[in-house]
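Coordinates as given in my_file-v1.csv (CSV, C-alpha atoms and all ligand atoms):
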```csv
chain,number,residue,atom,x,y,z
A,1,MET,CA,-1.3,119.0,-25.8
A,2,THR,CA,1.5,118.9,-28.4
A,3,ASP,CA,4.4,121.4,-28.2
A,4,GLU,CA,3.0,123.1,-31.2
A,5,ASP,CA,-0.4,123.6,-29.5
A,6,SER,CA,1.3,124.9,-26.4
A,7,GLU,CA,3.3,127.4,-28.6
A,8,ASP,CA,0.0,128.6,-30.2
A,9,ASN,CA,-1.6,128.8,-26.8
A,10,LYS,CA,1.3,130.9,-25.5
A,11,SER,CA,1.3,133.3,-28.5
A,12,ASN,CA,-2.4,133.8,-28.2
A,13,MET,CA,-2.2,134.7,-24.5
A,14,LEU,CA,0.9,136.9,-25.2
A,15,ARG,CA,-1.0,138.7,-28.1
A,16,LYS,CA,-4.1,139.3,-25.9
A,17,LEU,CA,-2.0,140.6,-23.0
A,18,ASN,CA,0.0,142.8,-25.4
A,19,GLU,CA,-3.1,144.3,-27.0
A,20,PHE,CA,-5.0,144.7,-23.7
A,21,MET,CA,-6.2,148.2,-22.8
A,22,PRO,CA,-8.3,148.8,-19.7
A,23,GLY,CA,-12.0,149.2,-20.6
A,24,SER,CA,-12.4,152.5,-18.8
A,25,ALA,CA,-10.7,155.8,-19.5
A,26,GLU,CA,-10.8,156.7,-15.8
A,27,VAL,CA,-8.4,153.9,-15.0
A,28,SER,CA,-5.3,153.8,-17.2
A,29,LYS,CA,-3.7,150.9,-15.3
A,30,LEU,CA,-5.0,148.0,-13.3
A,31,ASN,CA,-3.7,147.7,-9.7
A,32,ILE,CA,-2.9,144.2,-8.6
A,33,LEU,CA,-2.1,143.7,-4.9
A,34,ILE,CA,0.0,140.6,-4.0
A,35,HIS,CA,-0.1,139.3,-0.4
A,36,GLY,CA,0.9,136.1,1.4
A,37,PRO,CA,3.2,134.6,4.0
A,38,ILE,CA,6.9,135.5,4.1
A,39,GLY,CA,8.9,133.7,1.5
A,40,SER,CA,5.9,132.4,-0.4
A,41,GLY,CA,7.2,133.6,-3.8
A,42,LYS,CA,5.4,136.9,-4.1
A,43,SER,CA,8.3,138.9,-5.5
A,44,SER,CA,9.3,135.9,-7.6
A,45,PHE,CA,5.8,135.8,-9.1
A,46,VAL,CA,6.2,139.5,-10.2
A,47,ASP,CA,9.6,138.7,-11.6
A,48,SER,CA,8.2,135.6,-13.4
A,49,VAL,CA,5.4,137.6,-15.1
A,50,LYS,CA,8.1,140.0,-16.3
A,51,THR,CA,10.1,137.1,-17.6
A,52,ALA,CA,7.2,135.5,-19.3
A,53,LEU,CA,6.0,138.7,-21.0
A,54,GLN,CA,9.4,140.0,-21.9
A,55,GLY,CA,10.9,136.7,-23.0
A,56,HIS,CA,14.0,137.0,-20.8
A,57,ASN,CA,14.8,136.8,-17.2
A,58,THR,CA,14.5,139.8,-14.9
A,59,THR,CA,15.2,140.2,-11.2
A,60,SER,CA,13.8,143.6,-10.5
A,61,ALA,CA,11.4,142.6,-7.7
A,62,LEU,CA,14.4,141.4,-5.8
A,63,ALA,CA,13.3,138.0,-4.6
A,64,ASP,CA,15.4,136.8,-1.8
A,65,SER,CA,17.6,133.8,-2.2
A,66,ALA,CA,18.5,133.3,1.5
A,67,ALA,CA,17.0,130.0,2.5
A,68,GLY,CA,15.3,129.5,5.9
A,69,LYS,CA,14.9,133.2,6.5
A,70,SER,CA,12.5,134.2,9.2
A,71,HIS,CA,11.6,137.7,8.2
A,72,SER,CA,10.3,139.4,5.1
A,73,PHE,CA,12.9,140.5,2.6
A,74,THR,CA,10.5,143.1,1.1
A,75,LEU,CA,9.9,145.9,3.6
A,76,LYS,CA,8.4,148.6,1.5
A,77,LEU,CA,5.3,148.9,-0.6
A,78,LYS,CA,6.8,148.7,-4.0
A,79,ILE,CA,4.8,149.3,-7.2
A,80,HIS,CA,6.3,147.3,-10.1
A,81,ARG,CA,5.6,148.2,-13.7
A,82,VAL,CA,6.4,145.9,-16.6
A,83,LYS,CA,8.3,147.4,-19.6
A,84,LYS,CA,6.7,147.0,-23.0
A,85,ASP,CA,8.5,148.4,-26.1
A,86,GLY,CA,9.7,151.7,-24.6
A,87,THR,CA,6.5,152.1,-22.6
A,88,PHE,CA,4.7,150.0,-19.9
A,89,TYR,CA,1.9,147.4,-19.7
A,90,PRO,CA,-1.4,149.0,-18.4
A,91,PHE,CA,-1.2,147.1,-15.1
A,92,VAL,CA,1.0,147.3,-12.0
A,93,PHE,CA,1.8,145.0,-9.1
A,94,THR,CA,1.9,146.2,-5.6
A,95,ASP,CA,4.4,143.9,-3.8
A,96,ILE,CA,4.3,144.2,0.0
A,97,MET,CA,6.2,142.5,2.9
A,98,GLY,CA,5.1,139.1,4.0
A,99,LEU,CA,2.6,138.3,6.7
A,100,GLU,CA,3.9,137.0,10.0
A,101,PRO,CA,2.0,135.3,12.8
A,102,ASP,CA,2.9,138.1,15.1
A,103,GLU,CA,1.3,141.2,13.6
A,104,SER,CA,3.9,143.4,15.1
A,105,LYS,CA,6.6,141.8,12.9
A,106,GLY,CA,5.1,142.0,9.5
A,107,VAL,CA,2.5,144.0,7.6
A,108,GLN,CA,-0.6,145.0,9.6
A,109,THR,CA,-4.0,143.8,8.5
A,110,GLU,CA,-5.2,147.4,8.8
A,111,ASP,CA,-2.5,148.6,6.4
A,112,MET,CA,-3.5,145.9,3.9
A,113,ILE,CA,-7.1,147.1,4.1
A,114,LYS,CA,-5.9,150.7,3.6
A,115,ILE,CA,-4.0,149.5,0.5
A,116,LEU,CA,-7.2,147.9,-0.9
A,117,HIS,CA,-8.9,151.3,-0.6
A,118,GLY,CA,-6.0,153.1,-2.3
A,119,HIS,CA,-4.7,155.0,0.7
A,120,ILE,CA,-1.0,154.0,0.6
A,121,LYS,CA,1.4,155.4,-2.0
A,122,ASP,CA,4.4,153.8,-3.7
A,123,GLY,CA,7.5,153.6,-1.5
A,124,TYR,CA,5.9,153.6,1.9
A,125,THR,CA,8.0,151.7,4.4
A,126,PHE,CA,5.8,149.6,6.7
A,127,ASN,CA,5.9,150.2,10.4
A,128,PRO,CA,5.2,146.7,11.9
A,129,VAL,CA,4.0,148.2,15.1
A,130,ARG,CA,1.7,150.9,13.8
A,131,SER,CA,-0.6,151.3,10.8
A,132,ILE,CA,0.1,154.3,8.5
A,133,ALA,CA,-1.0,157.7,10.0
A,134,ASP,CA,-3.3,159.9,7.9
A,135,TYR,CA,-0.8,162.7,8.1
A,136,ASP,CA,2.0,160.6,6.6
A,137,PRO,CA,3.3,162.0,3.3
A,138,LYS,CA,2.7,158.5,1.8
A,139,TYR,CA,-1.0,158.6,2.8
A,140,LEU,CA,-3.5,159.5,0.2
A,141,SER,CA,-6.6,160.9,1.8
A,142,ASN,CA,-9.2,160.8,-1.0
A,143,PRO,CA,-8.4,157.9,-3.3
A,144,SER,CA,-10.5,157.4,-6.4
A,145,LEU,CA,-11.1,154.2,-8.4
A,146,LYS,CA,-7.8,154.5,-10.2
A,147,ASP,CA,-5.9,154.3,-6.8
A,148,LYS,CA,-7.8,151.3,-5.5
A,149,VAL,CA,-6.8,147.7,-5.8
A,150,HIS,CA,-8.6,146.0,-8.7
A,151,CYS,CA,-7.5,142.4,-8.0
A,152,LEU,CA,-6.2,140.8,-4.9
A,153,VAL,CA,-3.7,138.0,-5.4
A,154,SER,CA,-3.0,135.7,-2.5
A,155,VAL,CA,0.3,133.7,-2.9
A,156,LEU,CA,0.7,130.4,-1.0
A,157,PRO,CA,3.7,128.0,-1.2
A,158,GLY,CA,2.3,124.6,-2.3
A,159,ASP,CA,5.1,122.7,-0.5
A,160,LYS,CA,4.6,124.4,2.9
A,161,LEU,CA,0.9,124.8,3.3
A,162,SER,CA,0.6,122.9,6.5
A,163,LEU,CA,3.4,125.0,8.0
A,164,ILE,CA,1.7,128.3,7.5
A,165,PRO,CA,0.6,129.4,11.0
A,166,GLU,CA,-3.2,129.6,11.6
A,167,GLU,CA,-2.8,133.3,12.6
A,168,VAL,CA,-1.3,134.1,9.1
A,169,ILE,CA,-4.2,132.3,7.4
A,170,LYS,CA,-6.7,134.1,9.6
A,171,ARG,CA,-5.2,137.5,8.6
A,172,MET,CA,-5.3,136.5,4.9
A,173,ARG,CA,-8.9,135.5,5.3
A,174,ASP,CA,-9.7,138.9,7.0
A,175,VAL,CA,-8.2,140.8,4.1
A,176,ARG,CA,-10.0,138.6,1.6
A,177,LYS,CA,-13.3,139.1,3.5
A,178,LYS,CA,-12.7,142.9,3.3
A,179,ALA,CA,-11.9,142.6,-0.4
A,180,SER,CA,-15.1,140.6,-1.0
A,181,ASP,CA,-17.1,143.2,0.8
A,182,LEU,CA,-15.6,145.8,-1.6
A,183,GLU,CA,-16.4,143.3,-4.5
A,184,ILE,CA,-12.7,143.2,-5.4
A,185,PRO,CA,-12.0,140.0,-7.4
A,186,GLN,CA,-9.4,137.6,-5.9
A,187,VAL,CA,-7.2,134.7,-7.1
A,188,VAL,CA,-4.8,132.4,-5.3
A,189,ILE,CA,-1.4,131.6,-6.8
A,190,MET,CA,0.0,128.4,-5.5
A,191,THR,CA,3.8,128.5,-6.0
A,192,MET,CA,6.6,125.9,-5.5
A,193,VAL,CA,4.7,123.2,-7.5
A,194,ASP,CA,8.2,121.8,-8.3
A,195,LYS,CA,8.6,121.0,-4.6
A,196,VAL,CA,5.2,119.5,-4.3
A,197,CYS,CA,5.8,116.8,-6.8
A,198,PRO,CA,9.1,116.0,-8.6
A,199,LEU,CA,7.1,114.8,-11.7
A,200,VAL,CA,6.0,118.3,-12.2
A,201,LYS,CA,9.5,119.2,-13.3
A,202,ASN,CA,7.7,118.3,-16.5
A,203,LEU,CA,5.0,120.9,-16.2
A,204,SER,CA,2.7,119.4,-18.7
A,205,LYS,CA,2.0,116.8,-16.0
A,206,ILE,CA,0.7,119.5,-13.6
A,207,TYR,CA,-3.0,118.9,-14.1
A,208,THR,CA,-2.7,115.1,-13.8
A,209,SER,CA,-0.6,115.2,-10.6
A,210,ARG,CA,-2.5,113.8,-7.7
A,211,LYS,CA,-0.2,115.6,-5.2
A,212,VAL,CA,-0.7,119.0,-6.9
A,213,LYS,CA,-4.4,118.5,-6.8
A,214,GLU,CA,-4.3,117.6,-3.1
A,215,LYS,CA,-2.3,120.7,-2.4
A,216,MET,CA,-4.7,122.9,-4.4
A,217,GLU,CA,-7.6,121.4,-2.4
A,218,GLU,CA,-5.6,122.2,0.8
A,219,CYS,CA,-5.4,125.8,-0.4
A,220,CYS,CA,-9.2,125.9,-1.0
A,221,HIS,CA,-9.8,124.5,2.4
A,222,ARG,CA,-7.4,126.7,4.4
A,223,LEU,CA,-8.3,130.0,2.7
A,224,GLY,CA,-12.0,129.1,2.1
A,225,VAL,CA,-12.1,129.7,-1.6
A,226,PRO,CA,-13.4,127.6,-4.5
A,227,MET,CA,-11.1,125.3,-6.5
A,228,ASN,CA,-11.4,127.4,-9.7
A,229,CYS,CA,-9.7,130.3,-8.0
A,230,ILE,CA,-6.5,128.4,-7.4
A,231,LEU,CA,-3.8,128.8,-10.1
A,232,PRO,CA,-0.7,126.7,-9.8
A,233,VAL,CA,2.6,128.3,-10.9
A,234,LEU,CA,6.2,127.5,-11.0
A,235,ASN,CA,8.2,130.7,-10.6
A,236,TYR,CA,11.4,131.5,-12.4
A,237,HIS,CA,13.8,131.2,-9.5
A,238,GLU,CA,17.0,129.7,-10.8
A,239,GLN,CA,16.4,129.3,-14.5
A,240,ILE,CA,17.9,131.8,-16.9
A,241,THR,CA,16.1,131.0,-20.1
A,242,ASN,CA,12.4,130.9,-20.8
A,243,ASP,CA,10.6,127.6,-20.5
A,244,LEU,CA,7.4,127.1,-22.6
A,245,ASN,CA,5.4,125.3,-19.8
A,246,MET,CA,6.5,127.7,-17.1
A,247,ASP,CA,5.4,130.6,-19.4
A,248,LEU,CA,2.1,129.0,-20.1
A,249,LEU,CA,1.1,128.7,-16.4
A,250,ILE,CA,2.3,132.2,-15.6
A,251,LEU,CA,0.5,133.8,-18.7
A,252,MET,CA,-2.6,131.8,-17.8
A,253,ALA,CA,-2.6,133.2,-14.3
A,254,MET,CA,-2.0,136.8,-15.7
A,255,THR,CA,-4.8,136.4,-18.2
A,256,ASN,CA,-7.2,135.6,-15.4
A,257,ILE,CA,-6.0,138.3,-13.2
A,258,ILE,CA,-6.3,141.0,-15.9
A,259,GLN,CA,-9.7,139.9,-16.9
A,260,PHE,CA,-11.0,139.9,-13.3
A,261,ALA,CA,-9.4,143.3,-12.6
A,262,ASN,CA,-10.8,144.8,-15.8
A,263,ASP,CA,-14.3,143.4,-15.2
A,264,TYR,CA,-14.2,144.9,-11.7
A,265,VAL,CA,-13.2,148.4,-13.0
A,266,GLU,CA,-15.9,148.3,-15.7
A,267,ASP,CA,-18.5,147.3,-13.1
A,268,GLN,CA,-17.5,150.1,-10.8
A,269,VAL,CA,-17.6,152.7,-13.5
A,270,TYR,CA,-21.0,151.4,-14.7
A,271,ALA,CA,-22.3,151.4,-11.2
A,272,GLU,CA,-21.4,155.0,-10.5
B,301,LIG,N1,11.6,125.9,-6.0
B,301,LIG,C1,10.9,127.1,-6.1
B,301,LIG,N2,11.4,128.1,-5.5
B,301,LIG,C2,10.8,129.3,-5.6
B,301,LIG,C3,9.6,129.5,-6.3
B,301,LIG,N3,9.1,130.7,-6.1
B,301,LIG,C4,10.0,131.4,-5.4
B,301,LIG,N4,11.0,130.5,-5.0
B,301,LIG,C5,12.2,130.8,-4.1
B,301,LIG,O1,11.6,131.1,-2.8
B,301,LIG,C6,12.4,132.1,-2.1
B,301,LIG,C7,11.4,133.2,-1.6
B,301,LIG,O2,10.9,133.8,-2.8
B,301,LIG,P1,10.5,135.4,-2.7
B,301,LIG,O3,9.9,135.7,-4.1
B,301,LIG,O4,11.6,136.3,-2.2
B,301,LIG,O5,9.3,135.4,-1.7
B,301,LIG,P2,8.5,136.6,-1.1
B,301,LIG,O6,7.1,136.1,-0.8
B,301,LIG,O7,8.6,137.8,-1.9
B,301,LIG,O8,9.2,136.8,0.3
B,301,LIG,P3,9.2,138.1,1.3
B,301,LIG,O9,9.2,139.3,0.5
B,301,LIG,O10,10.4,137.9,2.1
B,301,LIG,O11,8.0,137.9,2.1
B,301,LIG,C8,13.4,132.6,-3.1
B,301,LIG,O12,14.6,131.9,-2.8
B,301,LIG,C9,12.9,132.1,-4.5
B,301,LIG,O13,13.9,131.9,-5.4
B,301,LIG,C10,9.0,128.3,-7.0
B,301,LIG,O14,8.0,128.3,-7.6
B,301,LIG,N5,9.8,127.1,-6.8
B,302,MG,MG,9.2,139.7,-1.5
```
Would you write out, as structure tokens, the structure that this file holds?
Ligand SMILES: Nc1nc2c(ncn2[C@@H]2O[C@H](COP(=O)(O)OP(=O)(O)OP(=O)(O)O)[C@@H](O)[C@H]2O)c(=O)[nH]1
Ligand SMILES: [Mg+2]
Amino acid sequence: MTDEDSEDNKSNMLRKLNEFMPGSAEVSKLNILIHGPIGSGKSSFVDSVKTALQGHNTTSALADSAAGKSHSFTLKLKIHRVKKDGTFYPFVFTDIMGLEPDESKGVQTEDMIKILHGHIKDGYTFNPVRSIADYDPKYLSNPSLKDKVHCLVSVLPGDKLSLIPEEVIKRMRDVRKKASDLEIPQVVIMTMVDKVCPLVKNLSKIYTSRKVKEKMEECCHRLGVPMNCILPVLNYHEQITNDLNMDLLILMAMTNIIQFANDYVEDQVYAE
């Protein structure tokens, strides 16, 4: 693809995302839940989407820069909106704390399932030793379709796949299984592609890199999902200015997420 083709591709995706309106009046914004191991790039992905859509760098999801940390930097359930000309895009991200091998240190599987159902409100601080109580002010007793999760995004770090403990993978699989039972669509974002293969610094090489392909296959294998669900991404983590190829991957991932989420909402409304 020439640079000009890439620019066209980017403007098309940007235009579609800018024009997008949810297909059902019942749901004014699509809910996207992000989960994954600690430090996998969840908050950075949310920041990166903002950067790609707004054309400049943002750091509102507060990604952590401390290397080698052992606990999640994000402790609350935080809903992120993305600004759009004085208003907001009709989708939001729910960013939660990372999964730990020891359930009593990170977010509980039970809480993630309650989020899928729409029971937990913005700003809830996770209690690692106990799932939210139904009398908690942040607990929503009777969620409707607009409160539920419409797409589950699993974030895995491409460079550290083999280091993710089996317990964490199992808990991610449990949440994915629950989402499947609820017919919630799912995608996997594979971050850190720059660390997987140095050639990928030039991101146009991403689909020809054998190493990236191997890591995508490893994601499929470990999470038990088909290859076409894995979307490789390089998050904005140090770069200040927008990069065309980074934007392309991020916008492609977002285009897929929005389409899946919207299809799900329309199917649910139609089924009622
Ligand atoms: N090289 C590289 N670094 C990244 C990428 N994505 C995120 N990072 C860095 O990885 C670290 C962790 O990123 P976060 O976005 O805080 O990860 P998180 O999943 O939100 O972490 P917790 O909330 O603590 O569970 C930060 O230092 C980021 O700058 C990427 O694609 N490539
Ligand atoms: Mg985070």
Q.
If we count only C-alpha atoms and set the cut-off at 6 Å, which residues sit around Gly118 in chain A, ignoring sequence neighbours fewer than 3 positions away in its own chain? Please answer as a ChimeraX atom specification.
A. /A:115,143,147-148
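Separating CA of Glu217 in chain A from CA of Ser6 in chain A is a distance of 25.8 Å.
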Q | Residue among A:Ser141, A:Asn228, A:Ser28, A:Ser48 lying closest to ligand LIG 301 (chain B), counting only C-alpha atoms and all ligand atoms | A | A:Ser48
(Q) Residues near His150 in chain A, anyone? I mean within 10 Å using only C-alpha atoms, not counting same-chain ones fewer than 6 positions away, as a VMD selection string. (A) chain A and resid 29 to 33 91 116 to 118 179 182 to 186 257 to 258 260 to 265
With C-alpha atoms retained, export the selected residues as a PDB file, keeping the file's coordinate frame.
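Wrote it out as out-v4.pdb, contents follow:
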```
ATOM      1  CA  LYS A  29      -3.700 150.900 -15.300  1.00  0.00           C
ATOM      2  CA  LEU A  30      -5.000 148.000 -13.300  1.00  0.00           C
ATOM      3  CA  ASN A  31      -3.700 147.700  -9.700  1.00  0.00           C
ATOM      4  CA  ILE A  32      -2.900 144.200  -8.600  1.00  0.00           C
ATOM      5  CA  LEU A  33      -2.100 143.700  -4.900  1.00  0.00           C
ATOM      6  CA  PHE A  91      -1.200 147.100 -15.100  1.00  0.00           C
ATOM      7  CA  LEU A 116      -7.200 147.900  -0.900  1.00  0.00           C
ATOM      8  CA  HIS A 117      -8.900 151.300  -0.600  1.00  0.00           C
ATOM      9  CA  GLY A 118      -6.000 153.100  -2.300  1.00  0.00           C
ATOM     10  CA  ALA A 179     -11.900 142.600  -0.400  1.00  0.00           C
ATOM     11  CA  LEU A 182     -15.600 145.800  -1.600  1.00  0.00           C
ATOM     12  CA  GLU A 183     -16.400 143.300  -4.500  1.00  0.00           C
ATOM     13  CA  ILE A 184     -12.700 143.200  -5.400  1.00  0.00           C
ATOM     14  CA  PRO A 185     -12.000 140.000  -7.400  1.00  0.00           C
ATOM     15  CA  GLN A 186      -9.400 137.600  -5.900  1.00  0.00           C
ATOM     16  CA  ILE A 257      -6.000 138.300 -13.200  1.00  0.00           C
ATOM     17  CA  ILE A 258      -6.300 141.000 -15.900  1.00  0.00           C
ATOM     18  CA  PHE A 260     -11.000 139.900 -13.300  1.00  0.00           C
ATOM     19  CA  ALA A 261      -9.400 143.300 -12.600  1.00  0.00           C
ATOM     20  CA  ASN A 262     -10.800 144.800 -15.800  1.00  0.00           C
ATOM     21  CA  ASP A 263     -14.300 143.400 -15.200  1.00  0.00           C
ATOM     22  CA  TYR A 264     -14.200 144.900 -11.700  1.00  0.00           C
ATOM     23  CA  VAL A 265     -13.200 148.400 -13.000  1.00  0.00           C
TER      24      VAL A 265
END
```
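When CA of Val92 in chain A is paired with CA of Leu77 in chain A, their separation reads 12.3 Å.
Note that the spacing between CA of Thr191 in chain A and CA of Ile113 in chain A amounts to 23.8 Å.
Restricting the calculation to all atoms listed in the file, the smallest distance between Leu53 in chain A and any of A:Val27, A:Val196, A:Met13, A:Met112 is found for A:Met13.
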(Q) Under the rule that all atoms listed in the file are counted, which of A:Arg130, A:His237, A:Lys121, A:His56 is the nearest residue to ligand LIG 301 (chain B)? (A) A:His237
Q. Between A:Gly98, A:Lys50, A:Asn57, A:Glu26, which has the minimum distance to ligand MG 302 (chain B) (counting all atoms listed in the file)?
A. A:Gly98
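Within 10 Å of the point (0.2, 127.0, -25.8), and counting all atoms listed in the file, the protein, DNA and RNA residues are Met1, Thr2, Asp3, Glu4, Asp5, Ser6, Glu7, Asp8, Asn9, Lys10, Ser11, Asn12, Met13, Leu14, Leu244, Asn245, Asp247, Leu248, Leu249, Leu251 and Met252 of chain A.
With distances restricted to all atoms listed in the file, A:Glu167 is the closest residue to Arg222 in chain A from A:Glu110, A:Glu103, A:Glu167, A:Asp122.
Minimum atom-to-atom distances from A:Tyr135, A:Tyr207, A:Tyr124, A:Phe45 to ligand LIG 301 (chain B) were compared using all atoms listed in the file, and the lowest value belongs to A:Phe45.
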